[in-house]
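Source file protein24.txt; content: compact mmCIF, C-alpha atoms.
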```
# COMPACT_ATOMS: atom_id res chain seq x y z
CA MET E 1 -73.55 -184.71 -201.35
CA PRO E 2 -75.77 -183.16 -198.62
CA LYS E 3 -75.15 -184.33 -195.04
CA THR E 4 -77.57 -186.85 -193.56
CA LYS E 5 -78.41 -187.63 -189.94
CA ASN E 6 -78.01 -191.36 -190.67
CA PRO E 7 -74.63 -192.23 -192.25
CA GLY E 8 -75.17 -193.79 -195.67
CA ALA E 9 -78.72 -192.47 -196.06
CA THR E 10 -79.79 -190.56 -199.18
CA LYS E 11 -80.84 -186.92 -198.85
CA GLY E 12 -83.96 -185.71 -200.64
CA GLY E 13 -84.60 -182.21 -201.95
CA LYS E 14 -82.53 -179.77 -204.02
CA GLY E 15 -83.71 -181.39 -207.26
CA ARG E 16 -83.82 -184.96 -205.87
CA PHE E 17 -87.46 -185.99 -205.58
CA TYR E 18 -87.77 -189.60 -206.83
CA PHE E 19 -86.02 -192.65 -205.39
CA ALA E 20 -85.80 -196.30 -206.44
CA MET E 21 -85.90 -197.60 -202.85
CA GLN E 22 -84.79 -201.14 -203.77
CA ARG E 23 -81.61 -199.77 -205.36
CA LEU E 24 -80.50 -197.46 -202.56
CA LYS E 25 -77.44 -198.29 -200.50
CA LYS E 26 -78.57 -200.48 -197.60
CA ILE E 27 -77.55 -199.26 -194.17
CA ASP E 28 -77.76 -200.75 -190.69
CA ALA E 29 -81.08 -199.64 -189.23
CA GLY E 30 -80.77 -201.64 -186.04
CA GLY E 31 -77.70 -200.38 -184.23
CA GLY E 32 -76.60 -203.88 -183.26
CA TYR E 33 -79.83 -204.68 -181.34
CA SER E 34 -81.69 -205.61 -184.55
CA THR E 35 -81.08 -207.28 -187.91
CA SER E 36 -82.92 -204.47 -189.75
CA HIS E 37 -81.20 -202.99 -192.78
CA GLY E 38 -82.32 -201.10 -195.86
CA GLY E 39 -82.32 -197.97 -197.96
CA VAL E 40 -83.13 -194.70 -196.19
CA VAL E 41 -84.23 -191.38 -197.68
CA GLU E 42 -84.14 -188.31 -195.45
CA GLY E 43 -86.12 -185.14 -195.98
CA ASP E 44 -85.83 -182.07 -193.77
CA ARG E 45 -88.20 -183.36 -191.09
CA MET E 46 -88.96 -187.00 -191.93
CA LEU E 47 -87.25 -190.16 -193.12
CA VAL E 48 -88.55 -193.16 -195.02
CA ALA E 49 -86.80 -196.52 -195.11
CA LEU E 50 -87.44 -199.75 -196.98
CA ILE E 51 -86.40 -202.22 -194.29
CA ASN E 52 -85.42 -205.86 -194.70
CA LYS E 53 -85.43 -208.27 -191.77
CA PRO E 54 -84.27 -211.87 -192.36
CA ARG E 55 -86.64 -214.63 -191.29
CA GLY E 56 -86.32 -215.79 -187.70
CA THR E 57 -84.50 -212.60 -186.66
CA GLY E 58 -85.35 -209.16 -185.37
CA SER E 59 -84.92 -206.61 -182.65
CA ARG E 60 -84.68 -206.75 -178.93
CA ILE E 61 -86.98 -204.42 -176.97
CA HIS E 62 -85.84 -200.85 -177.64
CA THR E 63 -87.12 -197.26 -177.76
CA HIS E 64 -86.75 -194.24 -180.03
CA LYS E 65 -87.13 -190.55 -179.24
CA ASN E 66 -89.09 -190.26 -182.50
CA GLU E 67 -92.45 -191.77 -183.36
CA GLN E 68 -92.60 -194.38 -186.10
CA PHE E 69 -94.96 -196.07 -188.53
CA ASN E 70 -94.11 -199.47 -190.05
CA TYR E 71 -96.17 -200.73 -193.01
CA VAL E 72 -95.61 -204.44 -193.68
CA LEU E 73 -95.21 -205.17 -197.40
CA ARG E 74 -94.04 -208.80 -197.36
CA GLY E 75 -93.73 -211.47 -194.67
CA THR E 76 -95.03 -211.51 -191.12
CA LEU E 77 -93.75 -209.83 -187.96
CA ARG E 78 -94.22 -210.89 -184.35
CA CYS E 79 -94.65 -207.53 -182.65
CA ASP E 80 -94.59 -206.22 -179.11
CA VAL E 81 -95.49 -202.54 -178.74
CA ASP E 82 -95.64 -201.41 -175.10
CA GLY E 83 -96.51 -204.96 -174.01
CA VAL E 84 -99.27 -205.41 -176.61
CA LYS E 85 -98.35 -208.41 -178.75
CA GLN E 86 -99.69 -209.07 -182.23
CA ILE E 87 -98.84 -210.81 -185.48
CA ALA E 88 -98.59 -208.28 -188.33
CA GLY E 89 -98.78 -209.49 -191.92
CA PRO E 90 -98.81 -207.69 -195.28
CA GLY E 91 -101.04 -204.63 -195.30
CA THR E 92 -100.70 -204.01 -191.55
CA LEU E 93 -99.70 -200.55 -190.32
CA ILE E 94 -97.91 -200.54 -186.97
CA TYR E 95 -97.83 -197.27 -184.99
CA ILE E 96 -95.07 -196.86 -182.41
CA PRO E 97 -95.33 -193.69 -180.28
CA ALA E 98 -92.13 -191.90 -179.28
CA ASN E 99 -90.27 -193.43 -176.31
CA THR E 100 -92.42 -196.59 -176.37
CA PRO E 101 -90.69 -199.94 -175.78
CA HIS E 102 -91.14 -202.21 -178.80
CA ALA E 103 -89.68 -205.11 -180.77
CA THR E 104 -90.43 -206.70 -184.14
CA ILE E 105 -89.25 -210.16 -185.18
CA ALA E 106 -89.67 -211.75 -188.61
CA THR E 107 -91.45 -215.09 -188.35
CA GLN E 108 -89.51 -218.15 -189.47
CA ASP E 109 -91.57 -218.51 -192.67
CA GLU E 110 -89.90 -215.83 -194.79
CA ASP E 111 -87.91 -212.60 -194.79
CA VAL E 112 -89.89 -209.45 -194.02
CA VAL E 113 -89.93 -206.18 -195.93
CA PHE E 114 -91.61 -203.12 -194.43
CA LEU E 115 -91.74 -199.39 -195.04
CA ALA E 116 -90.65 -197.39 -191.98
CA ILE E 117 -91.57 -193.73 -191.62
CA LYS E 118 -90.14 -191.63 -188.78
CA ASP E 119 -89.77 -188.02 -187.83
CA GLN E 120 -86.17 -186.80 -187.71
CA SER E 121 -86.09 -185.71 -184.08
CA ALA E 122 -83.64 -188.62 -183.73
CA SER E 123 -81.84 -191.03 -186.03
CA ILE E 124 -83.30 -194.28 -187.36
CA ILE E 125 -81.49 -196.25 -184.62
CA GLY E 126 -82.96 -196.44 -181.13
CA THR E 127 -81.70 -197.57 -177.73
CA PRO E 128 -82.08 -201.09 -176.31
CA VAL E 129 -84.12 -201.12 -173.09
CA ASP E 130 -81.71 -203.63 -171.51
CA LYS E 131 -78.45 -201.81 -172.09
CA ARG E 132 -76.44 -204.82 -170.86
CA ALA E 133 -77.72 -207.22 -173.51
CA ARG E 134 -75.78 -207.43 -176.77
CA GLY E 135 -76.78 -208.32 -180.30
CA ALA E 136 -80.01 -208.76 -182.20
CA HIS E 137 -82.78 -211.30 -181.57
CA TYR E 138 -82.33 -214.68 -183.26
CA ASP E 139 -84.85 -217.51 -183.04
CA PRO E 140 -83.16 -220.89 -182.34
CA GLY E 141 -81.39 -222.05 -185.49
CA PHE E 142 -81.44 -218.60 -187.14
CA GLY E 143 -78.35 -217.06 -185.55
CA PRO E 144 -75.32 -215.90 -187.48
CA LYS E 145 -73.06 -218.61 -188.82
CA ARG E 146 -70.12 -219.14 -186.54
CA LYS E 147 -66.70 -219.76 -187.93
CA LYS E 148 -65.39 -223.18 -187.01
CA LYS E 149 -62.19 -223.17 -185.05
CA SER E 150 -59.41 -225.17 -186.56
CA THR E 151 -58.78 -228.19 -184.33
CA SER E 152 -56.37 -230.04 -186.56
CA LYS E 153 -53.06 -230.76 -184.95
CA THR E 154 -49.97 -231.52 -186.96
CA LYS E 155 -48.41 -234.86 -186.07
CA ARG E 156 -44.70 -235.29 -186.31
```

Transcribe the structure of this file into structure tokens.
Amino acid sequence: MPKTKNPGATKGGKGRFYFAMQRLKKIDAGGGYSTSHGGVVEGDRMLVALINKPRGTGSRIHTHKNEQFNYVLRGTLRCDVDGVKQIAGPGTLIYIPANTPHATIATQDEDVVFLAIKDQSASIIGTPVDKRARGAHYDPGFGPKRKKKSTSKTKR
């Protein structure tokens, strides 16, 4: 299997030209600062990913060394690209220049699916602007389920 820049991605070329994106292995596309995950196909100079983002979740403000296009297929994103905020629904193309602070959050209505296209000057994962903050963005009530601590005490 040819080596990929993004662990778990699928490499195109050398006889591999067609990909069922929905059936590819889903990888973390958010590096811990986002809930994005999906199948990724890498060419020699570009990558394409079919990204899923659960409703009410998303990314914290981050940057990438590579430029990016996101084309929303299903659901709606609350976007912030370099301080310009907009709601992006199906059929919207979002352009994110290299090194531009940005965040996308799925609205609470439904999960979001978008096609991400990036050059391969860097991996699919970027860098959070606030390097001290941890974890992805979660709207209130949409955070990960926490395991309940056992509080039962045995009586004798």

Would you kindly return, as a PDB file with C-alpha atoms, in the coordinates of the input, each protein, DNA or RNA residue with an atom no farther than 9 Å from any atom of E:Gly38, considering only C-alpha atoms and excluding same-chain residues fewer than 5 positions away?
```pdb
ATOM      1  CA  MET E  21     -85.900-197.600-202.850  1.00  0.00           C
ATOM      2  CA  GLN E  22     -84.790-201.140-203.770  1.00  0.00           C
ATOM      3  CA  LEU E  24     -80.500-197.460-202.560  1.00  0.00           C
ATOM      4  CA  LYS E  25     -77.440-198.290-200.500  1.00  0.00           C
ATOM      5  CA  LYS E  26     -78.570-200.480-197.600  1.00  0.00           C
ATOM      6  CA  ILE E  27     -77.550-199.260-194.170  1.00  0.00           C
ATOM      7  CA  ASP E  28     -77.760-200.750-190.690  1.00  0.00           C
ATOM      8  CA  ALA E  29     -81.080-199.640-189.230  1.00  0.00           C
ATOM      9  CA  ALA E  49     -86.800-196.520-195.110  1.00  0.00           C
ATOM     10  CA  LEU E  50     -87.440-199.750-196.980  1.00  0.00           C
ATOM     11  CA  ILE E  51     -86.400-202.220-194.290  1.00  0.00           C
ATOM     12  CA  ASN E  52     -85.420-205.860-194.700  1.00  0.00           C
ATOM     13  CA  LYS E  53     -85.430-208.270-191.770  1.00  0.00           C
TER      14      LYS E  53
END
```

Closest contacts (stretch 80-138 of chain E/stretch 57-70 of chain E, max 6 Å, all atoms listed in the file) as a tab-separated table:
```
residue	atom	partner	partner_atom	distance
E:Leu93	CA	E:Asn70	CA	5.7
E:Ile94	CA	E:Asn70	CA	5.0
E:Tyr95	CA	E:Phe69	CA	4.7
E:Ile96	CA	E:Gln68	CA	5.1
E:Pro97	CA	E:Glu67	CA	4.6
E:Ala98	CA	E:Glu67	CA	4.1
E:Asn99	CA	E:Thr63	CA	5.2
E:Thr100	CA	E:Thr63	CA	5.5
E:Pro101	CA	E:Thr63	CA	4.9
E:His102	CA	E:Ile61	CA	5.1
E:Ala103	CA	E:Ile61	CA	4.7
E:Thr104	CA	E:Ser59	CA	5.7
E:Ile105	CA	E:Gly58	CA	4.0
E:Ala106	CA	E:Thr57	CA	5.6
E:Leu115	CA	E:Asn70	CA	5.5
E:Ala116	CA	E:Asn70	CA	4.5
E:Ile117	CA	E:Phe69	CA	5.1
E:Lys118	CA	E:Gln68	CA	4.6
E:Asp119	CA	E:Asn66	CA	5.8
E:Ser121	CA	E:Asn66	CA	5.7
E:Ala122	CA	E:Asn66	CA	5.8
E:Gly126	CA	E:His64	CA	4.5
E:Thr127	CA	E:His62	CA	5.3
E:Pro128	CA	E:His62	CA	4.0
E:Val129	CA	E:His62	CA	4.9
E:Ala136	CA	E:Ser59	CA	5.4
E:His137	CA	E:Gly58	CA	5.1
E:Tyr138	CA	E:Thr57	CA	4.5
```

Need the shell around E:Asn6: protein/DNA/RNA residues with any atom at most 9 Å away, counting only C-alpha atoms. Skip same-chain ones fewer than 6 positions apart. Format as a list in words?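 Surrounding residues, per the criterion: Ile27, Ala29, Val40, Glu42, Ser123, Ile124 and Ile125 of chain E.
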
Could you write those residues out with C-alpha atoms, as a short mmCIF file (atom, residue, chain, number, x, y, z; two decimals), in the frame of the given file?
```
data_model
loop_
_atom_site.label_atom_id
_atom_site.label_comp_id
_atom_site.auth_asym_id
_atom_site.auth_seq_id
_atom_site.Cartn_x
_atom_site.Cartn_y
_atom_site.Cartn_z
CA ILE E 27 -77.55 -199.26 -194.17
CA ALA E 29 -81.08 -199.64 -189.23
CA VAL E 40 -83.13 -194.70 -196.19
CA GLU E 42 -84.14 -188.31 -195.45
CA SER E 123 -81.84 -191.03 -186.03
CA ILE E 124 -83.30 -194.28 -187.36
CA ILE E 125 -81.49 -196.25 -184.62
#
```

Could you tell me how far atom CA of E:Ala20 sits from atom CA of E:Gly91, in Å to one decimal place?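 Spanning atom CA of E:Gly91 to atom CA of E:Ala20 is a straight-line distance of 20.6 Å.
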
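Taking atom CA of E:Pro7 and atom CA of E:Gly75 as the two end points, the separation is 27.2 Å.
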
Around the point (-76.6, -184.3, -199.9) in the file's coordinates, collect all residues with an atom within 12 Å, using all atoms listed in the file, and return them as a tab-separated table (two decimals) with C-alpha atoms, in the frame of the given file.
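Written file, out33.tsv:
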```tsv
chain	number	residue	atom	x	y	z
E	1	MET	CA	-73.55	-184.71	-201.35
E	2	PRO	CA	-75.77	-183.16	-198.62
E	3	LYS	CA	-75.15	-184.33	-195.04
E	4	THR	CA	-77.57	-186.85	-193.56
E	5	LYS	CA	-78.41	-187.63	-189.94
E	6	ASN	CA	-78.01	-191.36	-190.67
E	7	PRO	CA	-74.63	-192.23	-192.25
E	8	GLY	CA	-75.17	-193.79	-195.67
E	9	ALA	CA	-78.72	-192.47	-196.06
E	10	THR	CA	-79.79	-190.56	-199.18
E	11	LYS	CA	-80.84	-186.92	-198.85
E	12	GLY	CA	-83.96	-185.71	-200.64
E	13	GLY	CA	-84.60	-182.21	-201.95
E	14	LYS	CA	-82.53	-179.77	-204.02
E	15	GLY	CA	-83.71	-181.39	-207.26
E	16	ARG	CA	-83.82	-184.96	-205.87
E	41	VAL	CA	-84.23	-191.38	-197.68
E	42	GLU	CA	-84.14	-188.31	-195.45
E	43	GLY	CA	-86.12	-185.14	-195.98
E	44	ASP	CA	-85.83	-182.07	-193.77
```

Nearest to E:Asp109, chosen from E:Tyr71, E:Phe142, E:Tyr33, E:Phe19, with only C-alpha atoms counted in the distances: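 Selected residue with least distance to E:Asp109: E:Phe142.
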
Find the distance between atom CA of E:Gly141 and atom CA of E:Arg55 and write it in Å to one decimal. 10.8 Å

Step by step, gather every atom of stretch 71-84 of chain E that the file lists, find the box along x, y and z that holds them, add 6 Å on each side, and finally give centre and edge lengths in Å to one decimal, as JSON.
```
{"center_x": -96.5, "center_y": -206.1, "center_z": -185.7, "size_x": 17.5, "size_y": 22.8, "size_z": 35.4}
```

Using only C-alpha atoms, can you tell me which of E:Met46, E:Arg132, E:Arg146, E:Asp139 comes closest to E:Thr107?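 Answer, going by the shortest atom-to-atom distance: E:Asp139.
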
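Closest approach to E:Leu73 among E:Ile87, E:Val113, E:Val48, E:Pro54 is made by E:Val113 (distances from all atoms listed in the file).
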
Check the smallest atom-to-atom distance from each of E:Arg78, E:Ala88, E:Thr35, E:Gln108 to E:Pro144 using only C-alpha atoms, then report the winner.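 Under the stated criterion, the closest residue is E:Thr35.
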